[in-house]
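Asks: Have a look at this one.
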There are 4 protein chains.
Amino acid sequence: MIVVMRMGSGAAEVGGVIERICELGYKPHVSSGAERVIIGVIGNDRPLDPEHFISLAGVEKVVPILQPYKLASRDFQPTDTVIRVNDALIGGKGITFMAGPCSVESREQTFEVARQLKEMGVKIMRGGAFKPRTSPYSFQGLGEEALHILADVREELGISIITEVMAPDEVALVAHYADILQIGTRNMQNYRLLEEVGRQSKPVLIKRGMSSTIEELLLAAEYVLSQGNTQVMLCERGIRTFEKATRSTFDINAIPVLKSLTHLPVIADPSHGTGRWDLVTPVSLGAIAAGGDGLLIEVHSHPEHAMSDGGQSLRPDKCRQLLEDLSRVAAAVGRRVDLADGVSAPALANAVGVKVNAA
Amino acid sequence: MIVVMRMGSGAAEVGGVIERICELGYKPHVSSGAERVIIGVIGNDRPLDPEHFISLAGVEKVVPILQPYKLASRDFQPTDTVIRVNDALIGGKGITFMAGPCSVESREQTFEVARQLKEMGVKIMRGGAFKPRTSPYSFQGLGEEALHILADVREELGISIITEVMAPDEVALVAHYADILQIGTRNMQNYRLLEEVGRQSKPVLIKRGMSSTIEELLLAAEYVLSQGNTQVMLCERGIRTFEKATRSTFDINAIPVLKSLTHLPVIADPSHGTGRWDLVTPVSLGAIAAGGDGLLIEVHSHPEHAMSDGGQSLRPDKCRQLLEDLSRVAAAVGRRVDLADGVSAPALANAVGVKVNAA
Amino acid sequence: MIVVMRMGSGAAEVGGVIERICELGYKPHVSSGAERVIIGVIGNDRPLDPEHFISLAGVEKVVPILQPYKLASRDFQPTDTVIRVNDALIGGKGITFMAGPCSVESREQTFEVARQLKEMGVKIMRGGAFKPRTSPYSFQGLGEEALHILADVREELGISIITEVMAPDEVALVAHYADILQIGTRNMQNYRLLEEVGRQSKPVLIKRGMSSTIEELLLAAEYVLSQGNTQVMLCERGIRTFEKATRSTFDINAIPVLKSLTHLPVIADPSHGTGRWDLVTPVSLGAIAAGGDGLLIEVHSHPEHAMSDGGQSLRPDKCRQLLEDLSRVAAAVGRRVDLADGVSAPALANAVGVKVNAA
Amino acid sequence: MIVVMRMGSGAAEVGGVIERICELGYKPHVSSGAERVIIGVIGNDRPLDPEHFISLAGVEKVVPILQPYKLASRDFQPTDTVIRVNDALIGGKGITFMAGPCSVESREQTFEVARQLKEMGVKIMRGGAFKPRTSPYSFQGLGEEALHILADVREELGISIITEVMAPDEVALVAHYADILQIGTRNMQNYRLLEEVGRQSKPVLIKRGMSSTIEELLLAAEYVLSQGNTQVMLCERGIRTFEKATRSTFDINAIPVLKSLTHLPVIADPSHGTGRWDLVTPVSLGAIAAGGDGLLIEVHSHPEHAMSDGGQSLRPDKCRQLLEDLSRVAAAVGRRVDLADGVSAPALANAVGVKVNAA
């Protein structure tokens with residue numbers, strides 16, 4: 001950390017900063033320029049809070065040098081974290097493909113789309129049981145009933161389940177049914193919830209807050225990691241900007257930035273990242289070409305009857321087409337979509353064939 | 001709601017939209033322009049979800065006409081909501097002044113600042129017991145111990161208490177000690193928490209999410225109101241923008257916008273809205289001149305030793321000066337700062353004198 | 001400037017940075033922490049460009065310490081710049097009030113509003129001759145004809161004129177007619193234009209780019225100042241954010257931030273800063289309470305027939321009411337609205353009376 | 001256009017709106033809902049300005065239905081515009097690759113990188129002669145001397161030139177030397193400049209303003225198109241957001257959005273879109289996978305000595321590697337990088353071979 005003094009600050013003020021540095025167990029390193037004195041804070045501990053210095057007399061600004069997270073950083077763990085979820089590996093050479101409806105609306109709807117996804121070789125299905133909705137008058141999810149439906153899907157079809165958990169006191173319940181616990185964008189800074197999933201043994205996917213910085217996303221991961229749960233994956237799902245043509249602005253830069261800063265797998269959610277089904281395929285391909293480790297895609301058999309997010313859901317045939325295109329792009333960047341063996345659709349089988357040959 | 005069809009969409013597509021409108025119990029109203037067909041959705045119910053139409057064939061976009069909230073709107077209740085908190089009235093002619101430390105750090109620190117505020121006539125003190133912090137390594141608040149300290153302050157000094165609640169299962173505990181329950185910026189869309197405070201009988205202050213729209217803030221209020229708790233106040237605390245000179249951008253426009261849309265009191269938090277103590281006074285004056293109903297200010301007797309937010313905390317003498325300036329500005333817009341009678345500081349007493357005469 | 005090296009960077013990389021520092025005529029100051037080496041760049045010249053270091057091997061980031069502008073800074077000139085425009089002083093104790101139509105639409109319209117403003121005591125009138133419009137199909141202004149009308153207004157009524165200039169080769173023409181040259185928000189980084197107005201002897205008002213930082217605004221001023229024109233005033237006119245309830249988000253924080261960083265006068269434009277006439281008065285009062293030196297307000301006698309910006313224009317009676325309210329708020333912060341003597345409207349005269357007594 | 005009336009507005013107010021609609025030569029279409037009257041404005045002309053209605057009594061809001069641009073829209077021209085620049089075709093099946101230094105710094109530097117690019121098969125070189133710089137103290141470009149150097153490069157190496165033009169009175173000069181005129185991000189709304197390049201016969205590349213919406217970018221194109229120059233290409237170069245880890249946020253969504261709205265070619269500039277050379281390759285691949293028609297890349301033989309933008313410039317060997325990776329990704333989406341025949345580098349030749357076979 002660097003403390004920059006105001007122009008004209010005197011010995012007493014510089015002394016006050018030095019005193020505080022020593023009180024905190026660090027060493028000061030003073031450097032006098034032509035216009036400003038700057039004081040380095042030297043030590044080997046975890047990051048300091050700039051608040052310790054900003055109110056001291058004569059201080060103009062405080063510049064952090066070290067990253068404020070540790071366990072999530074590549075400095076701490078240089079090799080990639082790979083997470084096993086039943087027959088799927090997330091964060092290695094493969095591209096993870098998770099798909100399914102925004103909400104679990106009924107047993108029939110859920111099984112219909114699950115069978116379609118299973119047939120495409122998809123190993124992990126998403127489906128919302130508890131839904132955070134902007135309006136209290138919107139559909140709020142089926143809750144525990146939805147968890148039972150998802151458990152039956154898993155049992156009958158052998159597909160893994162990712163679903164969102166919204167409150168600390170629901171974590172145990174959701175963890176009982178789900179293979180991956182999802183923290184939604186509105187809860188990325190719900191620290192009680194992060195701590196609670198940090199105490200579970202199930203993998204956790206953390207969606208970036210829609211106006212959270214990359215650094216804050218890594219600090220949210222740090223909350224989970226610091227409780228002992230090391231199976232954390234991050235999800236870029238678009239940020240809020242001035243642009244109104246799309247619901248969010250998918251931050252593709254975040255993918256290579258995260259891959260350089262952290263060892264955790266990075267998943268892309270172009271359904272929320274664009275808010276429009278017709279943009280999902282191009283942005284999905286872009287996200288994987290840019291180095292993403294997987295996709296989380298909303299798929300609904302009848303989007304026009306979906307109880308939430310119909311406008312951004314792919315129909316199954318579009319999803320199948322996406323998988324074909326994706327297989328080619330994955331191969332182009334030296335990777336392979338992680339699908340179950342023996343998928344039936346001929347077109348997809350061909351695409352997978354091309355991919356295997358090319359890889 | 002208006003459904004705009006794509007150029008060239010035909011009778012089948014228009015028919016599909018009309019069918020859906022009728023299914024949902026509304027009436028269609030078709031209007032054919034030179035380039036586009038647009039279809040109005042007529043009905044007398046609460047707002048429709050655009051999702052019902054956006055995935056239908058031939059639909060280009062869906063434009064909501066009505067506000068998506070109801071109980072929070074001035075259409076629903078034209079007269080201002082006024083909330084009584086012991087000897088204070090929030091939302092009427094008076095300007096509410098709430099102040100205190102970011103965090104309750106110790107009994108001594110809390111009583112010291114409480115006595116100073118009491119002496120200035122401040123009726124409501126803020127102080128964090130549970131602290132949502134971006135980093136898991138930052139001070140997290142004293143928790144229940146802090147609530148005991150705040151309760152003792154209230155008992156001994158007769159000052160009301162506002163403090164934050166972070167999780168649904170802590171609401172009952174915090175409501176036991178606090179006079180006003182605060183929902184923090186990171187929890188504005190924590191719907192479980194909003195529902196839980198909606199079931200309490202204590203007033204609630206909802207801070208705007210740092211990247212939430214005004215409409216989303218009103219929908220958060222709607223969550224609380226729809227559970228039966230009508231004592232809700234809103235707090236503008238700055239939004240996240242590209243500007244880096246300040247921690248947040250205080251959205252002063254939001255004050256008159258909210259006053260026109262809702263009957264709920266509107267409080268300003270320039271401490272978080274600027275992030276710099278030297279900007280707190282000018283922005284506080286601006287917020288009240290623009291029509292705000294009150295202020296929430298961080299005050300610390302020794303900001304350089306504060307465990308959080310020291311950089312944006314006023315020292316007590318600066319707080320006293322703010323109160324003097326504020327009294328004059330409040331009078332200029334026909335209002336009066338709501339302070340206890342007989343405050344002792346002569347300068348402040350004078351200012352109050354001016355104010356009383358002018359009002 | 002501080003150069004932060006990557007973890008694990010070695011002597012060769014540190015040496016490379018030191019070599020570059022010396023090449024540029026500065027001195028290095030190396031500081032080795034537990035995890036990172038950081039190198040201070042010491043010298044007494046104007047700010048360095050971080051580009052010199054960011055591509056060097058082993059460099060993680062470069063942190064500027066000094067402000068990149070000089071002539072605009074309070075470090076360079078501690079006392080406020082005060083600009084005389086005929087009978088008005090901008091940047092001193094007085095509050096400057098500039099008002100008028102968005103566009104000069106006709107001789108009749110311009111004279112009608114000019115007479116109304118004159119009667120209120122307004123000393124400076126705004127009116128657009130050349131209009132930068134987002135669409136090529138919108139009204140583009142009357143151009144030189146409008147300048148003639150404005151010149152006649154000045155001649156007949158003795159009111160000073162501020163109008164926008166859009167291109168370097170129009171500067172001389174506009175400077176011939178106007179008292180203040182306005183640089184619009186879309187041209188804040190039109191450097192050729194800034195240089196050209198920097199060579200004029202007329203005062204310049206620079207509007208903040210709608211997504212420019214405060215630092216970039218000061219650098220735009222630096223372009224003008226560095227050409228020799230020291231009569232520069234800055235204008236906060238709202239920035240672009242995610243909030244859609246208003247056309248722009250008026251950045252009230254920018255007012256005290258600018259007042260602390262620069263000696264130049266700071267004007268507020270709540271007409272563009274809100275985009276809604278019903279928000280202009282509260283935000284104007286807020287801007288002055290927060291320390292602004294003046295206002296730039298759109299006023300139109302018949303907003304419903306305005307050829308541009310009708311939705312954000314005040315009618316003359318609302319403008320008169322704003323002036324009354326403003327006089328009280330200005331007095332509350334120890335200032336006085338700078339109006340011509342002997343204004344006729346009784347209500348306003350009263351307000352001014354109150355103000356004079358209180359000041 | 002839809003005019004939404006306030007709740008409770010009466011016959012006189014509705015009548016006023018209808019009268020205005022008729023005055024303007026349109027037809028009204030009134031629709032009375034339970035809470036609001038809404039009035040459609042029907043006509044076959046180009047888009048109306050909402051300003052005509054927003055100030056009328058009783059109007060709550062005005063909702064545009066049609067796009068405000070025409071010549072740039074796919075409704076106007078469904079087939080893709082393809083632009084020929086010597087031996088290159090922009091906007092067809094091929095992927096255009098434009099690269100070169102941020103600034104022309106010297107004859108030697110320019111020829112060195114030009115030869116390296118030529119060897120890779122690059123057909124179009126970028127190089128700044130006039131540089132818009134945030135600070136007046138930064139390198140401003142060599143100006144006309146740089147244009148002579150670029151002309152010599154073109155003459156000797158047969159490579160086409162794209163370079164920026166900053167002011168209307170420099171357009172003729174730049175158009176004399178350049179093959180493509182570039183409008184920089186800070187000038188996207190410099191309408192005088194847009195009009196002037198609209199009167200030239202050279203192709204124009206318009207960079208999106210760093211905080212301009214997609215709609216505003218299309219309106220900037222409309223300015224050029226409406227002057228008669230139909231050879232316009234658009235460039236996504238990142239937008240300004242709250243995220244600070246990268247200089248800009250590259251808006252990948254904009255690529256498929258633009259491809260759906262307009263027939264004009266869409267180029268990506270990941271150098272400015274990220275601001276970091278190590279992110280250029282992944283984001284370039286992402287942009288092309290998402291449907292972009294080309295790339296504009298900063299390449300410098302010695303980035304650590306670049307006079308501008310060194311931090312985001314690729315070294316030639318990294319550029320060559322990007323071209324190899326790009327060839328595979330282009331093939332995966334059914335396209336081919338448009339390079340000169342017989343490029344020499346074996347690795348690149350191989351990559352191109354793979355591409356040809358796979359396509």
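In the structure tokens, chains take letters A, B, ... by order of appearance, with residues numbered from 1 within each chain and ligands from 1 in the order shown.
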Could you give me, as a PDB file with N, CA and C atoms, in the first residue's frame, the residues within 6 Å of stretch 122-133 of chain C, counting only C-alpha atoms and dropping anything in the same chain fewer than 3 positions from it?

Replies:
```pdb
ATOM      1  N   MET C  98     -27.642  32.170 -16.050  1.00  0.00           N
ATOM      2  CA  MET C  98     -27.731  32.275 -17.506  1.00  0.00           C
ATOM      3  C   MET C  98     -28.945  31.479 -17.955  1.00  0.00           C
ATOM      4  N   ALA C  99     -29.760  32.045 -18.816  1.00  0.00           N
ATOM      5  CA  ALA C  99     -30.982  31.346 -19.206  1.00  0.00           C
ATOM      6  C   ALA C  99     -31.361  31.733 -20.618  1.00  0.00           C
ATOM      7  N   GLY C 100     -32.223  30.910 -21.208  1.00  0.00           N
ATOM      8  CA  GLY C 100     -32.693  31.195 -22.554  1.00  0.00           C
ATOM      9  C   GLY C 100     -33.082  29.928 -23.270  1.00  0.00           C
ATOM     10  N   PRO C 101     -33.506  30.080 -24.521  1.00  0.00           N
ATOM     11  CA  PRO C 101     -34.013  28.917 -25.245  1.00  0.00           C
ATOM     12  C   PRO C 101     -32.892  27.980 -25.680  1.00  0.00           C
ATOM     13  N   CYS C 102     -33.228  26.722 -25.848  1.00  0.00           N
ATOM     14  CA  CYS C 102     -32.276  25.754 -26.397  1.00  0.00           C
ATOM     15  C   CYS C 102     -31.780  26.280 -27.739  1.00  0.00           C
ATOM     16  N   SER C 103     -32.703  26.565 -28.644  1.00  0.00           N
ATOM     17  CA  SER C 103     -32.341  27.040 -29.987  1.00  0.00           C
ATOM     18  C   SER C 103     -32.945  28.415 -30.251  1.00  0.00           C
ATOM     19  N   VAL C 104     -32.223  29.206 -31.020  1.00  0.00           N
ATOM     20  CA  VAL C 104     -32.808  30.409 -31.612  1.00  0.00           C
ATOM     21  C   VAL C 104     -33.653  29.924 -32.786  1.00  0.00           C
ATOM     22  N   LEU C 117     -36.662  37.634 -19.759  1.00  0.00           N
ATOM     23  CA  LEU C 117     -35.488  37.405 -18.913  1.00  0.00           C
ATOM     24  C   LEU C 117     -34.918  38.742 -18.437  1.00  0.00           C
ATOM     25  N   LYS C 118     -34.870  39.709 -19.331  1.00  0.00           N
ATOM     26  CA  LYS C 118     -34.348  41.035 -18.990  1.00  0.00           C
ATOM     27  C   LYS C 118     -35.133  41.625 -17.817  1.00  0.00           C
ATOM     28  N   GLN C 140     -31.382  21.626 -37.073  1.00  0.00           N
ATOM     29  CA  GLN C 140     -29.944  21.794 -36.864  1.00  0.00           C
ATOM     30  C   GLN C 140     -29.557  23.227 -36.465  1.00  0.00           C
ATOM     31  N   GLY C 141     -30.534  24.049 -36.196  1.00  0.00           N
ATOM     32  CA  GLY C 141     -30.207  25.426 -35.831  1.00  0.00           C
ATOM     33  C   GLY C 141     -30.233  26.345 -37.046  1.00  0.00           C
ATOM     34  N   LEU C 142     -30.412  27.662 -36.777  1.00  0.00           N
ATOM     35  CA  LEU C 142     -30.483  28.623 -37.885  1.00  0.00           C
ATOM     36  C   LEU C 142     -29.106  29.095 -38.332  1.00  0.00           C
ATOM     37  N   GLY C 143     -28.060  28.716 -37.589  1.00  0.00           N
ATOM     38  CA  GLY C 143     -26.713  29.073 -38.002  1.00  0.00           C
ATOM     39  C   GLY C 143     -26.449  30.570 -37.913  1.00  0.00           C
ATOM     40  N   ALA C 146     -29.031  33.038 -36.858  1.00  0.00           N
ATOM     41  CA  ALA C 146     -29.297  33.090 -35.416  1.00  0.00           C
ATOM     42  C   ALA C 146     -28.299  33.999 -34.709  1.00  0.00           C
ATOM     43  N   ILE C 159     -28.207  42.656 -22.966  1.00  0.00           N
ATOM     44  CA  ILE C 159     -28.031  41.378 -22.279  1.00  0.00           C
ATOM     45  C   ILE C 159     -26.871  40.654 -22.963  1.00  0.00           C
ATOM     46  N   SER C 160     -26.000  40.015 -22.192  1.00  0.00           N
ATOM     47  CA  SER C 160     -24.852  39.320 -22.792  1.00  0.00           C
ATOM     48  C   SER C 160     -25.297  37.973 -23.354  1.00  0.00           C
ATOM     49  N   ILE C 161     -24.484  37.453 -24.268  1.00  0.00           N
ATOM     50  CA  ILE C 161     -24.878  36.262 -25.024  1.00  0.00           C
ATOM     51  C   ILE C 161     -23.862  35.126 -24.849  1.00  0.00           C
ATOM     52  N   ILE C 162     -24.377  33.917 -24.545  1.00  0.00           N
ATOM     53  CA  ILE C 162     -23.551  32.707 -24.596  1.00  0.00           C
ATOM     54  C   ILE C 162     -24.162  31.792 -25.645  1.00  0.00           C
ATOM     55  N   THR C 163     -23.306  31.284 -26.547  1.00  0.00           N
ATOM     56  CA  THR C 163     -23.817  30.376 -27.581  1.00  0.00           C
ATOM     57  C   THR C 163     -22.726  29.379 -27.951  1.00  0.00           C
ATOM     58  N   LEU C 339     -28.097  39.543 -10.242  1.00  0.00           N
ATOM     59  CA  LEU C 339     -29.123  40.047 -11.161  1.00  0.00           C
ATOM     60  C   LEU C 339     -28.950  41.556 -11.335  1.00  0.00           C
TER      61      LEU C 339
END
```

Asks: Please, which residues of chain A lie no more than 7 Å from chain D when the count uses only C-alpha atoms, and can they be set out as a PDB file with N, CA and C atoms, in the first residue's frame?

Replies:
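Saved as out-v7.pdb:
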```
ATOM      1  N   THR A 213     -17.637  -5.341  -9.633  1.00  0.00           N
ATOM      2  CA  THR A 213     -16.376  -5.412 -10.354  1.00  0.00           C
ATOM      3  C   THR A 213     -15.840  -6.842 -10.299  1.00  0.00           C
ATOM      4  N   THR A 241     -24.963  -1.377 -17.735  1.00  0.00           N
ATOM      5  CA  THR A 241     -24.326  -0.205 -18.334  1.00  0.00           C
ATOM      6  C   THR A 241     -25.412   0.705 -18.880  1.00  0.00           C
ATOM      7  N   GLU A 243     -26.097   1.076 -21.981  1.00  0.00           N
ATOM      8  CA  GLU A 243     -26.653   0.558 -23.240  1.00  0.00           C
ATOM      9  C   GLU A 243     -28.000  -0.111 -22.971  1.00  0.00           C
ATOM     10  N   THR A 249     -24.847  -5.931 -20.444  1.00  0.00           N
ATOM     11  CA  THR A 249     -23.708  -5.937 -21.360  1.00  0.00           C
ATOM     12  C   THR A 249     -22.805  -7.082 -20.940  1.00  0.00           C
ATOM     13  N   PHE A 250     -22.715  -8.107 -21.787  1.00  0.00           N
ATOM     14  CA  PHE A 250     -21.870  -9.250 -21.447  1.00  0.00           C
ATOM     15  C   PHE A 250     -20.420  -8.800 -21.483  1.00  0.00           C
ATOM     16  N   ASP A 251     -19.720  -8.951 -20.371  1.00  0.00           N
ATOM     17  CA  ASP A 251     -18.351  -8.430 -20.267  1.00  0.00           C
ATOM     18  C   ASP A 251     -17.360  -9.519 -20.676  1.00  0.00           C
ATOM     19  N   ILE A 252     -17.125  -9.610 -21.973  1.00  0.00           N
ATOM     20  CA  ILE A 252     -16.239 -10.678 -22.453  1.00  0.00           C
ATOM     21  C   ILE A 252     -14.816 -10.476 -21.963  1.00  0.00           C
ATOM     22  N   ASN A 253     -14.400  -9.234 -21.758  1.00  0.00           N
ATOM     23  CA  ASN A 253     -13.062  -8.985 -21.200  1.00  0.00           C
ATOM     24  C   ASN A 253     -12.860  -9.729 -19.888  1.00  0.00           C
ATOM     25  N   PRO A 256     -10.897 -13.460 -20.002  1.00  0.00           N
ATOM     26  CA  PRO A 256      -9.438 -13.591 -19.877  1.00  0.00           C
ATOM     27  C   PRO A 256      -8.866 -12.889 -18.648  1.00  0.00           C
ATOM     28  N   THR A 274     -27.242 -11.258 -22.310  1.00  0.00           N
ATOM     29  CA  THR A 274     -27.809 -10.517 -23.437  1.00  0.00           C
ATOM     30  C   THR A 274     -29.293 -10.230 -23.205  1.00  0.00           C
ATOM     31  N   LEU A 279     -29.436 -13.555 -29.475  1.00  0.00           N
ATOM     32  CA  LEU A 279     -28.027 -13.196 -29.293  1.00  0.00           C
ATOM     33  C   LEU A 279     -27.257 -14.276 -28.544  1.00  0.00           C
ATOM     34  N   PRO A 282     -24.398 -16.392 -30.794  1.00  0.00           N
ATOM     35  CA  PRO A 282     -23.136 -15.701 -31.109  1.00  0.00           C
ATOM     36  C   PRO A 282     -22.314 -15.362 -29.871  1.00  0.00           C
ATOM     37  N   VAL A 283     -22.973 -14.929 -28.791  1.00  0.00           N
ATOM     38  CA  VAL A 283     -22.199 -14.551 -27.610  1.00  0.00           C
ATOM     39  C   VAL A 283     -21.648 -15.794 -26.907  1.00  0.00           C
ATOM     40  N   LEU A 285     -20.558 -18.475 -28.456  1.00  0.00           N
ATOM     41  CA  LEU A 285     -19.367 -18.839 -29.227  1.00  0.00           C
ATOM     42  C   LEU A 285     -18.223 -17.890 -28.904  1.00  0.00           C
ATOM     43  N   GLY A 286     -18.561 -16.611 -28.777  1.00  0.00           N
ATOM     44  CA  GLY A 286     -17.542 -15.628 -28.431  1.00  0.00           C
ATOM     45  C   GLY A 286     -16.921 -15.909 -27.073  1.00  0.00           C
ATOM     46  N   ALA A 287     -17.748 -16.269 -26.118  1.00  0.00           N
ATOM     47  CA  ALA A 287     -17.257 -16.501 -24.751  1.00  0.00           C
ATOM     48  C   ALA A 287     -16.284 -17.678 -24.715  1.00  0.00           C
ATOM     49  N   ALA A 289     -14.576 -18.874 -27.377  1.00  0.00           N
ATOM     50  CA  ALA A 289     -13.383 -18.499 -28.150  1.00  0.00           C
ATOM     51  C   ALA A 289     -12.447 -17.640 -27.304  1.00  0.00           C
ATOM     52  N   ALA A 290     -13.013 -16.867 -26.382  1.00  0.00           N
ATOM     53  CA  ALA A 290     -12.207 -15.981 -25.541  1.00  0.00           C
ATOM     54  C   ALA A 290     -11.624 -16.680 -24.319  1.00  0.00           C
ATOM     55  N   GLY A 291     -11.903 -17.983 -24.178  1.00  0.00           N
ATOM     56  CA  GLY A 291     -11.252 -18.716 -23.101  1.00  0.00           C
ATOM     57  C   GLY A 291     -12.154 -19.181 -21.976  1.00  0.00           C
ATOM     58  N   ARG A 328     -17.360 -26.901 -32.989  1.00  0.00           N
ATOM     59  CA  ARG A 328     -16.337 -26.444 -33.935  1.00  0.00           C
ATOM     60  C   ARG A 328     -15.463 -25.346 -33.345  1.00  0.00           C
ATOM     61  N   VAL A 329     -16.108 -24.405 -32.646  1.00  0.00           N
ATOM     62  CA  VAL A 329     -15.316 -23.317 -32.058  1.00  0.00           C
ATOM     63  C   VAL A 329     -14.414 -23.840 -30.943  1.00  0.00           C
ATOM     64  N   ALA A 332     -11.451 -25.281 -32.432  1.00  0.00           N
ATOM     65  CA  ALA A 332     -10.558 -24.243 -32.977  1.00  0.00           C
ATOM     66  C   ALA A 332      -9.644 -23.664 -31.910  1.00  0.00           C
TER      67      ALA A 332
END
```

Asks: Neighbouring residues of A:Ala72 were defined as those with any atom within 12 Å, considering only C-alpha atoms; residues of the same chain fewer than 3 positions away were excluded. Please report them as an MDAnalysis selection string.

Replies: chainID A and resid 67:69 75:81 214:226 229:234 258:265

Asks: What does the structure give for the distance between atom CA of A:Arg36 and atom CA of A:Gly10, in Å to one decimal?

Replies: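 Between atom CA of A:Arg36 and atom CA of A:Gly10 the gap works out to 10.5 Å.
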
Asks: Tell me, as a CSV table (one decimal) with N, CA and C atoms, in the first residue's frame, which residues lie within 8 Å of stretch 17-33 of chain B, counting only C-alpha atoms; anything in the same chain fewer than 3 positions away does not count.

Replies:
```csv
chain,number,residue,atom,x,y,z
B,13,GLU,N,-49.5,-14.1,-37.1
B,13,GLU,CA,-48.7,-13.6,-36.0
B,13,GLU,C,-49.5,-12.6,-35.1
B,14,VAL,N,-50.2,-11.7,-35.8
B,14,VAL,CA,-51.0,-10.8,-35.0
B,14,VAL,C,-52.1,-11.6,-34.3
B,36,ARG,N,-45.7,-0.7,-39.2
B,36,ARG,CA,-45.8,-1.6,-38.1
B,36,ARG,C,-47.2,-1.8,-37.6
B,37,VAL,N,-47.6,-3.0,-37.2
B,37,VAL,CA,-48.8,-3.1,-36.4
B,37,VAL,C,-48.5,-3.1,-34.9
B,38,ILE,N,-49.2,-2.3,-34.2
B,38,ILE,CA,-49.0,-2.3,-32.7
B,38,ILE,C,-50.3,-2.7,-32.1
B,39,ILE,N,-50.2,-3.4,-31.0
B,39,ILE,CA,-51.4,-4.0,-30.3
B,39,ILE,C,-51.4,-3.5,-28.8
B,40,GLY,N,-52.4,-2.8,-28.4
B,40,GLY,CA,-52.5,-2.4,-27.0
B,40,GLY,C,-53.2,-3.5,-26.2
B,41,VAL,N,-52.7,-3.7,-25.0
B,41,VAL,CA,-53.3,-4.7,-24.1
B,41,VAL,C,-54.1,-3.9,-23.0
B,42,ILE,N,-55.4,-4.1,-23.1
B,42,ILE,CA,-56.3,-3.3,-22.2
B,42,ILE,C,-56.8,-4.1,-21.1
B,43,GLY,N,-56.8,-3.6,-19.8
B,43,GLY,CA,-57.3,-4.3,-18.7
B,43,GLY,C,-57.2,-3.5,-17.5
B,52,HIS,N,-44.8,-12.5,-21.2
B,52,HIS,CA,-45.9,-13.2,-21.8
B,52,HIS,C,-45.9,-13.0,-23.3
B,53,PHE,N,-45.3,-12.0,-23.8
B,53,PHE,CA,-45.5,-11.7,-25.2
B,53,PHE,C,-44.2,-11.7,-26.0
B,56,LEU,N,-43.4,-14.5,-28.5
B,56,LEU,CA,-44.4,-14.9,-29.5
B,56,LEU,C,-43.9,-14.6,-30.9
D,29,HIS,N,-54.7,7.9,-33.1
D,29,HIS,CA,-55.4,6.6,-32.9
D,29,HIS,C,-55.5,6.5,-31.4
D,31,SER,N,-56.8,5.2,-27.7
D,31,SER,CA,-57.0,3.9,-27.0
D,31,SER,C,-57.2,4.1,-25.5
D,40,GLY,N,-51.9,6.7,-30.3
D,40,GLY,CA,-50.9,6.3,-31.4
D,40,GLY,C,-50.8,7.4,-32.4
D,42,ILE,N,-50.0,7.9,-36.2
D,42,ILE,CA,-49.9,7.1,-37.4
D,42,ILE,C,-49.5,7.9,-38.6
D,43,GLY,N,-48.5,7.4,-39.4
D,43,GLY,CA,-48.1,8.2,-40.6
D,43,GLY,C,-47.0,7.4,-41.2
D,44,ASN,N,-46.6,7.8,-42.4
D,44,ASN,CA,-45.7,7.0,-43.2
D,44,ASN,C,-44.4,7.8,-43.4
```

Asks: To one decimal in Å, tell me the separation between atom CA of C:Pro136 and atom CA of D:His272.

Replies: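 Interatomic distance, atom CA of C:Pro136 to atom CA of D:His272: 27.7 Å.
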